[in-house]
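Engineer: Could you have a look at this structure, given as structure tokens, before my questions?
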Amino acid sequence: MAGTAGTPGTPRVLRAMNDRAALDLLLAHGPLSRTRIGKLTGLSKPTASQLLARLEAAGLVRVTGTSEGRPGPNAQLYAVDPGAAYAAGLDVSPHRIRAAVADVTGRTVGEHELPTPGRRPAQPVVQQVTEALDGAVKAAGLARSDVHRLVIGTPGAFDPNTGRLRYASHLPGWHSPTLLDELAAALPMPVEYENDVNLAAIAEQRLGAARGHADFVLLWNQEGLGAALVLGGRLHRGWTGGAGEVGFLPVPGTPLVRQVTKANSGGYQELAGSQAVPKLARELGITEIPSGPYTDVAAALVARAADHAGGPHRELLQTYATRLATGLASLVSVLDPELVVLSGSALTAGGEVLRALVQAELEELAAARPRLVVGDVHEHPVLRGALESALATTRDEVFDTSR
């Protein structure tokens, strides 16, 4: 029947397509006048006026001011209404949960960090998640029911066949077969779960060094060593969500690790993971090794080594680059990506100096020659990726005016 939502070519669908195009332009370019929106979309002035009136009535756009400094009367400027929807993200590690809420424009409006120290959780995971989320919601001046969607990033991945978390035995309390059902019952909004490194890749793809690239690998080194694989613009997760768990990859230079799931480690992790950096520094005779969590120690040692022109610090960085390139050679030989993004504190701390060393080593070890870059999303990339993922789905739902 003519006019039925979802029927290609009907006026309602065409109007919805124009609405979405205008909303995307407003998100990308900020406040725009009716005339400017008309030019960018190719719509006539009357049609652009009707579109903006429709979106304003739907609570999706609002007038934010008027243009100035041009001949003639000042034109009203329109922008996406930030309060049209809110989305949230969580970044979960063994030691803390970071939470943030963003409005539909992508601006972070509330953040909270909940410490979760110890191998055994002091409180149930459901309570940890709700407390972290509520802290960010409260900081935003909102209620939990205002959040349209939540994306939770964790190490490892939830097996789609069993619902259990795999590849992350170091995350206490998250392995119950009923956990996802318990969280669904406790939270009023739809919840999605994603691997933390995959979320870092989403952040780089939307906001950072991988923009415009359809095929890239993100190598992550922080609490663990992992990778995200983006092929044809889409994340490749594998059959059980374990694609990219390269820490388990057997590599030359370290003994084979057997029963890797019980050890929660593998050859590449032992060779080039964050915990290997302090050990390597001691072997090279470096005595000034800071104290603290091994991730912070590794980042500090790598940053210091990148500032030294020679001596054991330079040897540390060169050996570390060789170890990183050893595992990367296997990845790029199979995937042949256009780009490799280096992310995580134990990689970004080395900056351009480490990147250049790894690039040179990789060109000697692999036939494929991808370009290596350091990630551009420096502040909480996993959390930023969770927000970007939640916002993408939220916008698809809230901006759909065909219904």
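Ligands are numbered from 1 in the order shown, residues from 1 within each chain, and chains are lettered A, B, ... in the order they appear in the structure tokens.
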Looking only at the backbone, which of the residues in stretch 4-153 of chain A does DSSP tag as strand (DSSP E), as a ChimeraX atom specification?

Structural biologist: /A:32-33,61-66,76-80,86-92,96-103,108-115,147-153

Engineer: Tell me which protein, DNA and RNA residues are within 6 Å of stretch 195-205 of chain A, counting only C-alpha atoms, leaving out same-chain ones fewer than 5 positions away, and put them as a ChimeraX atom specification.

Structural biologist: /A:153-157,210-211,228,381-382,384-386

Engineer: Taking only residues of stretch 317-364 of chain A that have an atom at most 6 Å from an atom of stretch 300-311 of chain A, what is each one's shortest atom pair and its distance in Å to one decimal, using only C-alpha atoms, in chain and number order, as a Markdown table?

Structural biologist:
| residue | atom | partner | partner_atom | distance |
| --- | --- | --- | --- | --- |
| A:Leu317 | CA | A:Ala305 | CA | 6.0 |
| A:Ala349 | CA | A:Ala303 | CA | 4.8 |
| A:Gly350 | CA | A:Ala303 | CA | 5.1 |
| A:Val353 | CA | A:Ala306 | CA | 5.9 |

Engineer: Now that the selection is made, can you save its residues with all heavy atoms as an mmCIF file, in the first residue's frame?

Structural biologist:
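Here's the written file selection-v4.cif:
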data_model
loop_
_atom_site.group_PDB
_atom_site.id
_atom_site.type_symbol
_atom_site.label_atom_id
_atom_site.label_comp_id
_atom_site.auth_asym_id
_atom_site.auth_seq_id
_atom_site.Cartn_x
_atom_site.Cartn_y
_atom_site.Cartn_z
ATOM 1 N N LEU A 317 64.549 -0.550 23.446
ATOM 2 C CA LEU A 317 63.532 -0.187 22.464
ATOM 3 C C LEU A 317 63.692 -0.991 21.179
ATOM 4 O O LEU A 317 62.702 -1.436 20.590
ATOM 5 C CB LEU A 317 63.611 1.314 22.171
ATOM 6 C CG LEU A 317 62.325 1.942 21.635
ATOM 7 C CD1 LEU A 317 61.231 1.895 22.688
ATOM 8 C CD2 LEU A 317 62.565 3.368 21.180
ATOM 9 N N ALA A 349 53.351 4.931 24.143
ATOM 10 C CA ALA A 349 54.409 5.595 24.917
ATOM 11 C C ALA A 349 55.691 5.744 24.117
ATOM 12 O O ALA A 349 56.486 6.654 24.356
ATOM 13 C CB ALA A 349 54.685 4.819 26.210
ATOM 14 N N GLY A 350 55.915 4.839 23.151
ATOM 15 C CA GLY A 350 57.120 4.910 22.330
ATOM 16 C C GLY A 350 57.029 5.886 21.184
ATOM 17 O O GLY A 350 58.046 6.220 20.570
ATOM 18 N N VAL A 353 59.261 7.187 17.504
ATOM 19 C CA VAL A 353 60.537 6.466 17.534
ATOM 20 C C VAL A 353 60.287 4.959 17.492
ATOM 21 O O VAL A 353 60.884 4.235 16.688
ATOM 22 C CB VAL A 353 61.357 6.851 18.786
ATOM 23 C CG1 VAL A 353 62.660 6.052 18.836
ATOM 24 C CG2 VAL A 353 61.647 8.346 18.802
#

Engineer: Determine, counting only C-alpha atoms, which protein, DNA and RNA residues have an atom within 7 Å of an atom of A:Arg62; residues of the same chain fewer than 5 positions away are not included. Present the result as number ranges by chain.

Structural biologist: A: 56, 78-81

Engineer: For A:Phe248, list every protein, DNA or RNA residue within 8 Å, evaluated using only C-alpha atoms, and leave out those in the same chain fewer than 3 positions away; present the list as a PDB file with N, CA and C atoms, in the first residue's frame.

Structural biologist:
ATOM      1  N   GLU A 245      42.742 -12.452  19.140  1.00  0.00           N
ATOM      2  CA  GLU A 245      43.385 -12.812  20.417  1.00  0.00           C
ATOM      3  C   GLU A 245      44.821 -13.264  20.142  1.00  0.00           C
ATOM      4  N   VAL A 260      46.909 -22.832  26.726  1.00  0.00           N
ATOM      5  CA  VAL A 260      46.975 -21.375  26.806  1.00  0.00           C
ATOM      6  C   VAL A 260      45.774 -20.759  27.525  1.00  0.00           C
ATOM      7  N   SER A 265      47.706 -16.954  28.602  1.00  0.00           N
ATOM      8  CA  SER A 265      48.864 -16.354  27.952  1.00  0.00           C
ATOM      9  C   SER A 265      49.282 -17.243  26.791  1.00  0.00           C
ATOM     10  N   GLY A 266      50.127 -16.695  25.947  1.00  0.00           N
ATOM     11  CA  GLY A 266      50.664 -17.443  24.820  1.00  0.00           C
ATOM     12  C   GLY A 266      52.008 -16.876  24.428  1.00  0.00           C
ATOM     13  N   GLY A 267      52.563 -17.390  23.333  1.00  0.00           N
ATOM     14  CA  GLY A 267      53.913 -17.025  22.952  1.00  0.00           C
ATOM     15  C   GLY A 267      54.117 -15.542  22.692  1.00  0.00           C
ATOM     16  N   TYR A 268      53.205 -14.923  21.964  1.00  0.00           N
ATOM     17  CA  TYR A 268      53.369 -13.509  21.643  1.00  0.00           C
ATOM     18  C   TYR A 268      53.228 -12.638  22.894  1.00  0.00           C
ATOM     19  N   GLN A 269      52.310 -13.011  23.766  1.00  0.00           N
ATOM     20  CA  GLN A 269      52.155 -12.283  25.033  1.00  0.00           C
ATOM     21  C   GLN A 269      53.436 -12.371  25.858  1.00  0.00           C
TER      22      GLN A 269
END

Engineer: Within 7 Å of stretch 214-223 of chain A, which residues of stretch 277-372 of chain A show up? Give each one with its shortest atom-to-atom distance in Å (one decimal) and the two atoms involved, counting only C-alpha atoms, rows by chain then rising residue number, as a tab-separated table.

Structural biologist:
residue	atom	partner	partner_atom	distance
A:Thr295	CA	A:Gln222	CA	5.8
A:Pro337	CA	A:Phe216	CA	5.1
A:Glu338	CA	A:Phe216	CA	5.7
A:Leu339	CA	A:Phe216	CA	4.7
A:Val340	CA	A:Val217	CA	4.8
A:Val341	CA	A:Leu218	CA	4.6
A:Leu342	CA	A:Leu219	CA	5.1
A:Ser343	CA	A:Trp220	CA	4.9
A:Gly344	CA	A:Asn221	CA	4.8
A:Ser345	CA	A:Gln222	CA	5.5
A:Ala346	CA	A:Asn221	CA	5.5
A:Leu347	CA	A:Asn221	CA	6.2

Engineer: Write out as a Markdown table the residues of stretch 305-357 of chain A that have any atom within 8 Å of an atom of stretch 279-293 of chain A, one row each with the nearest atom pair and its distance in Å to one decimal, counting only C-alpha atoms, sorted by chain and then rising number.

Structural biologist:
| residue | atom | partner | partner_atom | distance |
| --- | --- | --- | --- | --- |
| A:Pro312 | CA | A:Leu284 | CA | 6.0 |
| A:His313 | CA | A:Ile286 | CA | 7.4 |
| A:Glu315 | CA | A:Leu284 | CA | 7.8 |
| A:Leu316 | CA | A:Ala281 | CA | 6.3 |

Engineer: Could you please write out, as number ranges by chain, every residue of stretch 59-275 of chain A that DSSP assigns to helix (DSSP H, G or I)?

Structural biologist: A: 82-84, 125-139, 144-146, 179-186, 196-207, 246-248, 260-263, 267-272

Engineer: Excluding A:Val191 and any residue of its chain fewer than 4 positions from it, enumerate the residues within 9 Å of it, using only C-alpha atoms, and give them as a list of chain:residue names.

Structural biologist: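 Surrounding residues, per the criterion: A:Arg149, A:Leu150, A:Val151, A:Ile152, A:Leu183, A:Ala184, A:Leu187, A:Ala390.
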
Engineer: Can you work out which one of A:Gly241, A:Gly224, A:Pro31, A:Gly110 has the shortest atom-to-atom distance to A:Thr162, counting only C-alpha atoms?

Structural biologist: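 When distances to A:Thr162 are compared using only C-alpha atoms, the smallest one comes from A:Gly241.
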
Engineer: Identify, on the basis of only C-alpha atoms, every residue whose closest approach to A:Leu27 does not exceed 7 Å; exclude the query and any residue fewer than 3 positions from it along the same chain; express the result as a list in words.

Structural biologist: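 My reading of the contact set: Leu23, Asp24, Gly30, Val80 and Thr105 of chain A.
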
Engineer: Go through A:Arg323, A:Arg54, A:Arg20, A:Lys39 and flag the residue nearest A:Glu361, using only C-alpha atoms for the distances.

Structural biologist: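 For A:Glu361, the nearest of the candidates is A:Arg323.
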
Engineer: Which residues are close to A:Thr116, i.e. within 9 Å by only C-alpha atoms, leaving aside same-chain residues fewer than 6 positions away? Reply as a list of chain:residue names.

Structural biologist: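 Everything that qualifies: A:Ser93, A:Pro94, A:His95, A:Arg96, A:Ile97, A:Ala122, A:Gln123, A:Gln128.
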
Engineer: Would you work out the distance separating atom CA of A:Trp239 from atom CA of A:Gln275, expressed in Å to one decimal?

Structural biologist: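 Result for atom CA of A:Trp239 versus atom CA of A:Gln275: 29.0 Å, one decimal.
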
Engineer: Quick one: of A:Ala88, A:Val373, A:Met189, A:Leu25, who's nearest to A:Ala392, counting only C-alpha atoms?

Structural biologist: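 Ranked by minimum distance to A:Ala392, first place goes to A:Ala88.
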
Engineer: So how far away is atom CA of A:Asn264 from atom CA of A:Tyr167, in Å?

Structural biologist: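 Distance reported for this atom pair: 6.9 Å.
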